[in-house]
$ cat target_31.txt   # compact mmCIF, C-alpha atoms
# COMPACT_ATOMS: atom_id res chain seq x y z
CA MET A 143 68.01 -184.90 23.50
CA SER A 144 67.37 -184.82 19.75
CA GLU A 145 70.20 -184.93 17.26
CA PRO A 146 70.06 -182.98 14.00
CA THR A 147 67.90 -184.37 11.25
CA ARG A 148 69.76 -186.28 8.55
CA PRO A 149 68.42 -186.21 5.01
CA HIS A 150 66.44 -189.45 5.30
CA LEU A 151 66.52 -190.19 9.02
CA THR A 152 65.67 -188.43 12.26
CA LEU A 153 67.54 -189.56 15.38
CA ASP A 154 66.30 -189.21 18.93
CA GLU A 155 68.53 -190.33 21.82
CA ARG A 156 66.68 -191.27 25.03
CA ASP A 157 68.11 -193.07 28.03
CA GLY A 158 70.85 -194.72 25.99
CA VAL A 159 68.50 -195.84 23.21
CA THR A 160 68.67 -194.28 19.75
CA VAL A 161 65.28 -194.13 18.02
CA VAL A 162 65.60 -193.71 14.26
CA THR A 163 62.58 -192.52 12.29
CA PHE A 164 62.53 -192.59 8.51
CA ASN A 165 61.65 -189.24 6.91
CA ASP A 166 60.54 -190.65 3.55
CA PRO A 167 57.09 -192.27 3.26
CA VAL A 168 58.19 -194.17 0.14
CA ILE A 169 61.66 -195.73 0.10
CA ARG A 170 62.19 -197.28 -3.32
CA ASP A 171 64.78 -195.09 -5.04
CA ASP A 172 68.25 -196.71 -5.22
CA GLN A 173 69.99 -193.45 -4.31
CA ILE A 174 67.83 -192.96 -1.22
CA LEU A 175 68.41 -196.58 -0.18
CA THR A 176 72.16 -196.15 -0.60
CA GLU A 177 72.13 -193.02 1.55
CA ILE A 178 69.97 -194.64 4.23
CA ARG A 179 72.28 -197.66 4.30
CA ALA A 180 75.35 -195.45 4.74
CA GLN A 181 73.69 -193.44 7.53
CA LEU A 182 72.55 -196.54 9.41
CA LEU A 183 75.88 -198.33 9.11
CA GLU A 184 77.63 -195.19 10.34
CA LEU A 185 75.45 -195.38 13.44
CA ALA A 186 76.29 -199.06 13.90
CA ASP A 187 80.01 -198.40 13.65
CA GLY A 188 79.81 -195.92 16.54
CA GLY A 189 80.11 -198.66 19.15
CA PRO A 190 77.58 -200.73 21.07
CA ARG A 191 74.13 -199.34 20.42
CA LYS A 192 70.61 -199.89 21.47
CA LEU A 193 68.80 -198.97 18.29
CA VAL A 194 65.09 -198.80 17.45
CA LEU A 195 64.05 -198.30 13.84
CA SER A 196 60.56 -196.84 13.68
CA PHE A 197 58.77 -197.48 10.39
CA GLY A 198 55.70 -195.46 11.41
CA THR A 199 56.11 -192.95 8.58
CA VAL A 200 56.99 -195.56 5.91
CA GLU A 201 54.07 -196.42 3.67
CA ASP A 202 56.06 -198.43 1.11
CA CYS A 203 59.63 -199.66 0.83
CA ALA A 204 61.81 -201.75 -1.42
CA THR A 205 62.81 -205.19 -0.16
CA TRP A 206 66.40 -203.97 -0.34
CA LEU A 207 65.65 -201.97 2.81
CA LEU A 208 64.87 -205.23 4.59
CA GLY A 209 68.27 -206.57 3.56
CA ILE A 210 69.85 -203.44 4.98
CA MET A 211 68.13 -204.21 8.30
CA VAL A 212 69.77 -207.66 8.39
CA GLU A 213 73.18 -206.15 7.63
CA LEU A 214 72.64 -203.49 10.30
CA ARG A 215 71.59 -206.09 12.87
CA LYS A 216 74.78 -208.09 12.25
CA ARG A 217 77.00 -205.02 12.68
CA ILE A 218 75.27 -203.94 15.85
CA LYS A 219 75.27 -207.44 17.34
CA VAL A 220 79.03 -207.89 16.75
CA GLN A 221 79.62 -204.76 18.82
CA GLY A 222 77.35 -205.91 21.65
CA GLY A 223 74.36 -203.79 20.69
CA ARG A 224 70.76 -204.63 19.86
CA LEU A 225 68.39 -203.66 17.04
CA LYS A 226 64.62 -203.53 17.21
CA LEU A 227 62.05 -202.60 14.56
CA CYS A 228 58.62 -201.14 15.22
CA CYS A 229 55.53 -199.60 13.66
CA LEU A 230 55.70 -201.69 10.49
CA GLN A 231 52.93 -201.44 7.91
CA PRO A 232 51.15 -204.77 7.31
CA THR A 233 52.72 -205.19 3.86
CA THR A 234 56.24 -204.67 5.24
CA ARG A 235 55.56 -207.08 8.09
CA GLU A 236 54.27 -209.64 5.57
CA SER A 237 57.42 -209.23 3.47
CA LEU A 238 59.57 -209.85 6.54
CA HIS A 239 57.54 -212.95 7.37
CA TYR A 240 57.63 -214.25 3.79
CA CYS A 241 61.43 -213.90 3.71
CA GLY A 242 61.80 -215.47 7.17
CA LEU A 243 63.33 -212.27 8.51
CA ASP A 244 60.75 -212.02 11.28
CA LYS A 245 62.69 -214.85 12.95
CA ILE A 246 65.94 -212.85 12.77
CA LEU A 247 64.77 -209.30 13.38
CA GLU A 248 63.05 -208.30 16.62
CA ILE A 249 59.75 -206.60 15.75
CA HIS A 250 57.45 -204.65 18.06
CA ASP A 251 54.06 -203.10 17.41
CA THR A 252 54.84 -199.69 18.90
CA GLU A 253 57.88 -197.52 19.49
CA GLN A 254 57.20 -197.62 23.23
CA ASP A 255 57.09 -201.44 23.21
CA ALA A 256 60.45 -201.56 21.42
CA PHE A 257 61.94 -198.96 23.77
CA ASP A 258 60.66 -200.76 26.88
CA SER A 259 62.02 -204.12 25.70
CA PHE A 260 65.58 -202.98 26.36
$ encode --input "target_31.txt" --output "structure tokens"
Amino acid sequence: MSEPTRPHLTLDERDGVTVVTFNDPVIRDDQILTEIRAQLLELADGGPRKLVLSFGTVEDCATWLLGIMVELRKRIKVQGGRLKLCCLQPTTRESLHYCGLDKILEIHDTEQDAFDSF
């Protein structure tokens, strides 16, 4: 069952897993990043979640978005949930690796791989 589209995110709930897809191909604007952060943290505060963030539509993003992923992971983990990322562009994956975040964040090649790993 799909939930309504939020300004910068689309949510799809399937079998207890929430798949979040970014609607913006370029995520660099501070206002957009602030809104995305608020929307994601609102999801995390809703209780234990199995959450997949699909970056398939994201061509370019600010490193601040990667920091938001770490913050989101911490919030979800405290509540007994899990966060997985998928469909990252090579440059985003390289940024995660360079910052050492690929050791903290669980990354999958495809949305189905991330979904199945729960």
$ residues_around --input "target_31.txt" --residues "Asp202 in chain A" --least-positions-apart "3" --cutoff "10 Å" --atoms "only C-alpha atoms" --output "list in words"
Asp166, Pro167, Val168, Ile169, Arg170, Phe197, Thr199, Thr205, Leu230, Gln231, Thr233 and Thr234 of chain A
$ write_last_selection --input "target_31.txt" --atoms "C-alpha atoms" --output "PDB file, in the frame of the given file"
ATOM      1  CA  ASP A 166      60.540-190.650   3.550  1.00  0.00           C
ATOM      2  CA  PRO A 167      57.090-192.270   3.260  1.00  0.00           C
ATOM      3  CA  VAL A 168      58.190-194.170   0.140  1.00  0.00           C
ATOM      4  CA  ILE A 169      61.660-195.730   0.100  1.00  0.00           C
ATOM      5  CA  ARG A 170      62.190-197.280  -3.320  1.00  0.00           C
ATOM      6  CA  PHE A 197      58.770-197.480  10.390  1.00  0.00           C
ATOM      7  CA  THR A 199      56.110-192.950   8.580  1.00  0.00           C
ATOM      8  CA  THR A 205      62.810-205.190  -0.160  1.00  0.00           C
ATOM      9  CA  LEU A 230      55.700-201.690  10.490  1.00  0.00           C
ATOM     10  CA  GLN A 231      52.930-201.440   7.910  1.00  0.00           C
ATOM     11  CA  THR A 233      52.720-205.190   3.860  1.00  0.00           C
ATOM     12  CA  THR A 234      56.240-204.670   5.240  1.00  0.00           C
TER      13      THR A 234
END
$ closest_residue --input "target_31.txt" --among "A:Gly222, A:Gln181, A:Gly189, A:Ile246" --to "Leu208 in chain A" --atoms "all atoms listed in the file"
A:Ile246
$ atom_distance --input "target_31.txt" --atom1 "CA of Cys241 in chain A" --atom2 "CA of Gln173 in chain A"
23.6 Å
$ closest_residue --input "target_31.txt" --among "A:Gly188, A:Gly242, A:Gly158, A:Pro149" --to "Val212 in chain A" --atoms "all atoms listed in the file"
A:Gly242
$ atom_distance --input "target_31.txt" --atom1 "CA of Val161 in chain A" --atom2 "CA of Cys228 in chain A"
10.1 Å
$ residues_around --input "target_31.txt" --residues "Phe260 in chain A" --least-positions-apart "4" --cutoff "9 Å" --atoms "all atoms listed in the file" --output "list in words"
Val159, Lys192, Arg224 and Ala256 of chain A
$ closest_residue --input "target_31.txt" --among "A:Ile218, A:Leu225, A:Thr160, A:Gly209" --to "Ser237 in chain A" --atoms "all atoms listed in the file"
A:Gly209
$ closest_residue --input "target_31.txt" --among "A:Val200, A:Arg215, A:Phe164, A:Leu243" --to "Glu177 in chain A" --atoms "only C-alpha atoms"
A:Phe164
$ atom_distance --input "target_31.txt" --atom1 "CA of Ala186 in chain A" --atom2 "CA of Arg217 in chain A"
6.1 Å
$ decode --input "target_31.txt" --residues "range 166-183 of chain A" --atoms "N, CA and C atoms" --output "PDB file, in the first residue's frame"
ATOM      1  N   ASP A 166      13.872  14.142  -5.721  1.00  0.00           N
ATOM      2  CA  ASP A 166      14.741  15.148  -6.332  1.00  0.00           C
ATOM      3  C   ASP A 166      16.008  14.497  -6.885  1.00  0.00           C
ATOM      4  N   PRO A 167      16.329  14.700  -8.165  1.00  0.00           N
ATOM      5  CA  PRO A 167      17.552  14.116  -8.707  1.00  0.00           C
ATOM      6  C   PRO A 167      18.825  14.798  -8.181  1.00  0.00           C
ATOM      7  N   VAL A 168      18.702  16.062  -7.810  1.00  0.00           N
ATOM      8  CA  VAL A 168      19.835  16.794  -7.243  1.00  0.00           C
ATOM      9  C   VAL A 168      19.410  17.304  -5.869  1.00  0.00           C
ATOM     10  N   ILE A 169      20.177  16.898  -4.849  1.00  0.00           N
ATOM     11  CA  ILE A 169      19.850  17.292  -3.469  1.00  0.00           C
ATOM     12  C   ILE A 169      21.058  18.046  -2.917  1.00  0.00           C
ATOM     13  N   ARG A 170      21.062  19.337  -3.150  1.00  0.00           N
ATOM     14  CA  ARG A 170      22.164  20.190  -2.699  1.00  0.00           C
ATOM     15  C   ARG A 170      21.680  21.422  -1.940  1.00  0.00           C
ATOM     16  N   ASP A 171      20.462  21.831  -2.176  1.00  0.00           N
ATOM     17  CA  ASP A 171      19.897  23.030  -1.560  1.00  0.00           C
ATOM     18  C   ASP A 171      19.684  22.801  -0.060  1.00  0.00           C
ATOM     19  N   ASP A 172      20.133  23.761   0.759  1.00  0.00           N
ATOM     20  CA  ASP A 172      20.011  23.634   2.216  1.00  0.00           C
ATOM     21  C   ASP A 172      18.558  23.472   2.662  1.00  0.00           C
ATOM     22  N   GLN A 173      17.646  24.189   2.032  1.00  0.00           N
ATOM     23  CA  GLN A 173      16.234  24.094   2.414  1.00  0.00           C
ATOM     24  C   GLN A 173      15.682  22.701   2.131  1.00  0.00           C
ATOM     25  N   ILE A 174      16.017  22.162   0.982  1.00  0.00           N
ATOM     26  CA  ILE A 174      15.571  20.807   0.630  1.00  0.00           C
ATOM     27  C   ILE A 174      16.164  19.796   1.606  1.00  0.00           C
ATOM     28  N   LEU A 175      17.438  19.933   1.926  1.00  0.00           N
ATOM     29  CA  LEU A 175      18.085  19.026   2.872  1.00  0.00           C
ATOM     30  C   LEU A 175      17.433  19.108   4.252  1.00  0.00           C
ATOM     31  N   THR A 176      17.098  20.296   4.679  1.00  0.00           N
ATOM     32  CA  THR A 176      16.424  20.474   5.969  1.00  0.00           C
ATOM     33  C   THR A 176      15.064  19.786   5.970  1.00  0.00           C
ATOM     34  N   GLU A 177      14.330  19.931   4.878  1.00  0.00           N
ATOM     35  CA  GLU A 177      13.009  19.301   4.783  1.00  0.00           C
ATOM     36  C   GLU A 177      13.120  17.785   4.720  1.00  0.00           C
ATOM     37  N   ILE A 178      14.081  17.277   3.969  1.00  0.00           N
ATOM     38  CA  ILE A 178      14.285  15.831   3.898  1.00  0.00           C
ATOM     39  C   ILE A 178      14.656  15.289   5.273  1.00  0.00           C
ATOM     40  N   ARG A 179      15.558  15.969   5.959  1.00  0.00           N
ATOM     41  CA  ARG A 179      15.960  15.540   7.300  1.00  0.00           C
ATOM     42  C   ARG A 179      14.749  15.451   8.218  1.00  0.00           C
ATOM     43  N   ALA A 180      13.919  16.482   8.223  1.00  0.00           N
ATOM     44  CA  ALA A 180      12.737  16.493   9.090  1.00  0.00           C
ATOM     45  C   ALA A 180      11.794  15.341   8.743  1.00  0.00           C
ATOM     46  N   GLN A 181      11.582  15.100   7.460  1.00  0.00           N
ATOM     47  CA  GLN A 181      10.682  14.021   7.039  1.00  0.00           C
ATOM     48  C   GLN A 181      11.228  12.655   7.441  1.00  0.00           C
ATOM     49  N   LEU A 182      12.522  12.441   7.272  1.00  0.00           N
ATOM     50  CA  LEU A 182      13.116  11.155   7.617  1.00  0.00           C
ATOM     51  C   LEU A 182      13.130  10.928   9.126  1.00  0.00           C
ATOM     52  N   LEU A 183      13.451  11.962   9.883  1.00  0.00           N
ATOM     53  CA  LEU A 183      13.477  11.799  11.341  1.00  0.00           C
ATOM     54  C   LEU A 183      12.075  11.588  11.892  1.00  0.00           C
TER      55      LEU A 183
END
